[in-house]
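Everything below concerns the one structure shown next.
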Amino acid sequence: MRNSKIAVLATGMTLTMALAACSGGGAGSGGNGSDGETGAAAAEGGLIGVSMPTETSERWIADGAAVEKGLTDAGYEVSLQFAGDDIPTQSQQIDQMITQGVDLLVIAAIDGTALSGQLDAAAAAGIPVISYDRLIRDSENVDFYVTFDNEEVGVQQATSLLVGLGILNEDGSEGDATGPFNVELFAGSLDDNNAHFFWKGAMDTLQPYIDEGTLVVKSGQTDIEQAATLRWSQETAQKRMEDLLTAAYSDGSKVDGVLSPFDGISRGVITALQNAGYGPGIDAGMPIISGQDAEIASVKLIADGVQYSTIFKDTRKLADQAVVTAEAYLAGEEPEANDTETYDNGVKVVPSYLLESDIVYADNIQPLLVDSGYYTTEQVESGQS
Ligand code: BGC
């Protein structure tokens, strides 16, 4: 079994290396931008299961491609599966990976509380589990967590909203605007642990301005349960924005800003607002709207002055961190953590490696996203990768 795996691997590696040589390496090309530094570990081999939540959002496609490429470059065989945002499908896919005899699992959970059975089975088989981007909760069998500083992402989303409204300047100093501004708040999917961290970071930043009356949430919907968007769905967000406009803005008042935690949600909100006669762009009355993931369609909307901001989380770096962590486990070593306090999954504090994110505005698309090779100028202009 092991020998045949290695044979497949050797053929796969030649192919992968040939392909890697022709690849540009950014999000748009599906590569991870790795310069092949992990290739030296190729001798070890092994099969790694990579479970991603969905292919409907381009960030997870980029993550899947980057993790797969990083691991194959490092000499591993990879079983990569997407679960179509369906919880039973993800459970079954992970069950299958365990049955297949994977040596390690990398999992970005759909519902962070739904995988305890799979993780018990993995532990019983001696398979280390790396929680990828989203923390798996309620299990002692999560070995490591690679992610971004999720609370800081929420701070950045709220900060960009304040900057867009003119309450703050980009350098963090006080701006000239005093409001009051009407804002509405959106949160992510409550079964995703990250949604709570984003919300906390954002609300800690916005609350003082709400308390002093500079920001007014006219709908009154200021609890995460009211603001939540199941499965981060664009359609659900569009419908909620339509309902908010009907419920709180039929008196002719206008929405000035929307806290959005994800670019798909931002685009749903924008559609609802445009259908209601806002915009099309910020200069024609579209509210200031934040986002996350620097999805190419939203980057174009930012370049075109429709969406105000997004948060860039470089999936190439996260994938590289997952690869480094996997290599450490498979070499029998402890991976390096840079946070051993923040991520309590309900059973234990999971050792974590946190990466930094950046706020993208129209004026820094070029240095952050194009010069770094994440997207090409053509992709930004067309809004397609
Ligand atoms: C990720 C975000 C993403 C969201 C929706 C979260 O867990 O951290 O980057 O926008 O899921 O896919």
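Naming scheme: A, B, ... for chains in displayed order of the structure tokens; residues 1 onward per chain; ligands 1 onward as shown.
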Write out as an NGL selection string each polymer residue (protein, DNA or RNA) that has an atom no more than 7 Å from ligand 1, with only C-alpha atoms and all ligand atoms counted. :A and (57 or 133-134 or 192 or 194-195 or 232 or 261-263 or 292-293)
Take the residues from that selection and put them in a file with C-alpha atoms, as an mmCIF file, in the first residue's frame.
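Printed below is part33.cif as written:
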data_model
loop_
_atom_site.group_PDB
_atom_site.id
_atom_site.type_symbol
_atom_site.label_atom_id
_atom_site.label_comp_id
_atom_site.auth_asym_id
_atom_site.auth_seq_id
_atom_site.Cartn_x
_atom_site.Cartn_y
_atom_site.Cartn_z
ATOM 1 C CA SER A 57 -16.794 31.099 -2.624
ATOM 2 C CA ASP A 133 -8.910 28.935 9.185
ATOM 3 C CA ARG A 134 -12.018 27.956 11.227
ATOM 4 C CA ASP A 192 -18.590 29.291 12.297
ATOM 5 C CA ASN A 194 -14.807 32.982 13.246
ATOM 6 C CA ALA A 195 -18.101 34.865 12.887
ATOM 7 C CA TRP A 232 -22.555 33.375 4.783
ATOM 8 C CA PRO A 261 -18.069 40.524 7.263
ATOM 9 C CA PHE A 262 -17.616 38.858 3.844
ATOM 10 C CA ASP A 263 -17.497 39.983 0.198
ATOM 11 C CA GLN A 292 -13.628 40.279 3.599
ATOM 12 C CA ASP A 293 -11.504 37.978 1.443
#
Skipping near chain neighbours, those fewer than 2 positions away, what residues fall within 12 Å of region 250-254 of chain A using only C-alpha atoms, listed as a PyMOL selection string? chain A and resi 180-184+216-219+242-248+256-258+273+276-279+285-288
For region 113-117 of chain A, please output as JSON, numbers by chain all residues within 7 Å (counting only C-alpha atoms; exclusion window: fewer than 2 positions along the same chain). {"A": [91, 111, 119, 120, 121, 136, 137, 138, 139]}
Show me a table, sorted first by chain and then by increasing residue number, of the residues of region 99-167 of chain A having an atom at most 10 Å from region 305-320 of chain A, each with its shortest atom pair and the distance in Å to one decimal, counting only C-alpha atoms and written as CSV.
residue,atom,partner,partner_atom,distance
A:Tyr132,CA,A:Leu318,CA,8.3
A:Asp133,CA,A:Leu318,CA,7.9
A:Val146,CA,A:Leu318,CA,6.9
A:Thr147,CA,A:Leu318,CA,6.6
A:Phe148,CA,A:Lys313,CA,7.3
A:Asp149,CA,A:Lys313,CA,9.8
A:Val153,CA,A:Ile311,CA,7.1
A:Gly154,CA,A:Ile311,CA,9.2
A:Gln156,CA,A:Ile311,CA,7.3
A:Gln157,CA,A:Ile311,CA,7.0
A:Ser160,CA,A:Ser309,CA,6.5
A:Leu161,CA,A:Ser309,CA,8.0
A:Val163,CA,A:Tyr308,CA,9.7
A:Gly164,CA,A:Tyr308,CA,6.9
Can you spit out the residues from that selection as an mmCIF file, in the first residue's frame, using N, CA, C and O atoms?
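Output (out22.cif):
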data_model
loop_
_atom_site.group_PDB
_atom_site.id
_atom_site.type_symbol
_atom_site.label_atom_id
_atom_site.label_comp_id
_atom_site.auth_asym_id
_atom_site.auth_seq_id
_atom_site.Cartn_x
_atom_site.Cartn_y
_atom_site.Cartn_z
ATOM 1 N N TYR A 132 -8.171 24.335 9.937
ATOM 2 C CA TYR A 132 -7.711 25.314 8.951
ATOM 3 C C TYR A 132 -8.662 26.500 8.896
ATOM 4 O O TYR A 132 -9.856 26.330 8.583
ATOM 5 N N ASP A 133 -8.191 27.653 9.229
ATOM 6 C CA ASP A 133 -8.910 28.935 9.185
ATOM 7 C C ASP A 133 -10.041 29.030 10.206
ATOM 8 O O ASP A 133 -10.200 30.026 10.890
ATOM 9 N N VAL A 146 -4.390 26.772 12.339
ATOM 10 C CA VAL A 146 -3.736 27.832 11.548
ATOM 11 C C VAL A 146 -4.821 28.774 11.044
ATOM 12 O O VAL A 146 -5.829 28.343 10.487
ATOM 13 N N THR A 147 -4.619 30.073 11.259
ATOM 14 C CA THR A 147 -5.668 31.022 10.912
ATOM 15 C C THR A 147 -5.091 32.427 10.847
ATOM 16 O O THR A 147 -3.873 32.625 10.925
ATOM 17 N N PHE A 148 -5.983 33.390 10.676
ATOM 18 C CA PHE A 148 -5.592 34.802 10.772
ATOM 19 C C PHE A 148 -6.029 35.296 12.146
ATOM 20 O O PHE A 148 -6.759 34.603 12.858
ATOM 21 N N ASP A 149 -5.590 36.482 12.499
ATOM 22 C CA ASP A 149 -6.033 37.070 13.756
ATOM 23 C C ASP A 149 -7.468 37.556 13.544
ATOM 24 O O ASP A 149 -7.710 38.654 13.061
ATOM 25 N N VAL A 153 -9.342 41.076 12.311
ATOM 26 C CA VAL A 153 -10.079 41.226 11.044
ATOM 27 C C VAL A 153 -11.352 42.038 11.282
ATOM 28 O O VAL A 153 -11.685 42.959 10.517
ATOM 29 N N GLY A 154 -12.067 41.727 12.380
ATOM 30 C CA GLY A 154 -13.284 42.480 12.714
ATOM 31 C C GLY A 154 -12.981 43.941 13.010
ATOM 32 O O GLY A 154 -13.715 44.843 12.588
ATOM 33 N N GLN A 156 -10.540 45.596 11.762
ATOM 34 C CA GLN A 156 -10.214 46.223 10.467
ATOM 35 C C GLN A 156 -11.485 46.518 9.657
ATOM 36 O O GLN A 156 -11.596 47.565 9.005
ATOM 37 N N GLN A 157 -12.458 45.591 9.706
ATOM 38 C CA GLN A 157 -13.709 45.835 8.966
ATOM 39 C C GLN A 157 -14.401 47.090 9.491
ATOM 40 O O GLN A 157 -14.838 47.950 8.719
ATOM 41 N N SER A 160 -12.495 50.315 8.659
ATOM 42 C CA SER A 160 -12.666 50.785 7.278
ATOM 43 C C SER A 160 -14.024 51.459 7.109
ATOM 44 O O SER A 160 -14.158 52.425 6.352
ATOM 45 N N LEU A 161 -15.030 50.981 7.839
ATOM 46 C CA LEU A 161 -16.345 51.634 7.787
ATOM 47 C C LEU A 161 -16.239 53.052 8.342
ATOM 48 O O LEU A 161 -16.755 54.015 7.745
ATOM 49 N N VAL A 163 -13.565 54.878 8.471
ATOM 50 C CA VAL A 163 -12.758 55.686 7.545
ATOM 51 C C VAL A 163 -13.636 56.150 6.372
ATOM 52 O O VAL A 163 -13.628 57.321 5.984
ATOM 53 N N GLY A 164 -14.421 55.223 5.829
ATOM 54 C CA GLY A 164 -15.280 55.572 4.695
ATOM 55 C C GLY A 164 -16.285 56.660 5.040
ATOM 56 O O GLY A 164 -16.620 57.497 4.203
#
Could you state the separation of CA of Pro128 (chain A) and CA of Thr99 (chain A) in Å, given to one decimal place?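 We find that CA of Pro128 (chain A) and CA of Thr99 (chain A) lie 14.5 Å from each other.
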Using CA of Ala227 (chain A) and CA of Ile87 (chain A) as the two end points, give the distance in Å to one decimal. 22.1 Å
Top pick for closest residue to Gly213 (chain A), considering A:Thr178, A:Gly188, A:Ser233, A:Tyr76 and counting only C-alpha atoms: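 Using only C-alpha atoms, Gly213 (chain A) sits closest to A:Thr178.
By chain and then residue number, the residues within 10 Å of His196 (chain A) are Asn150, Glu151, Gly154, Ala187, Gly188, Ser189, Leu190, Asp191, Asp192, Asn193, Trp199, Lys200, Gly201, Ala202, Ile224 and Ala228 of chain A, counting only C-alpha atoms and disregarding those fewer than 3 positions away in sequence.
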C-alpha atoms of the current selection, written as a CSV table (one decimal), in the first residue's frame:
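And here is the file that came out, selection-v9.csv:
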chain,number,residue,atom,x,y,z
A,150,ASN,CA,-9.8,36.9,13.5
A,151,GLU,CA,-10.7,39.5,16.1
A,154,GLY,CA,-13.3,42.5,12.7
A,187,ALA,CA,-22.6,39.0,10.8
A,188,GLY,CA,-21.5,35.7,9.4
A,189,SER,CA,-22.8,32.2,10.1
A,190,LEU,CA,-23.2,31.5,13.8
A,191,ASP,CA,-21.9,27.9,13.5
A,192,ASP,CA,-18.6,29.3,12.3
A,193,ASN,CA,-16.5,30.2,15.3
A,199,TRP,CA,-18.3,40.5,15.3
A,200,LYS,CA,-16.5,41.1,18.6
A,201,GLY,CA,-13.6,43.0,17.0
A,202,ALA,CA,-16.0,45.0,14.9
A,224,ILE,CA,-25.2,39.0,16.5
A,228,ALA,CA,-26.2,36.6,11.4
Residue among A:Thr56, A:Ser266, A:Gln207, A:Thr214 lying closest to Gly166 (chain A), counting only C-alpha atoms: A:Thr214
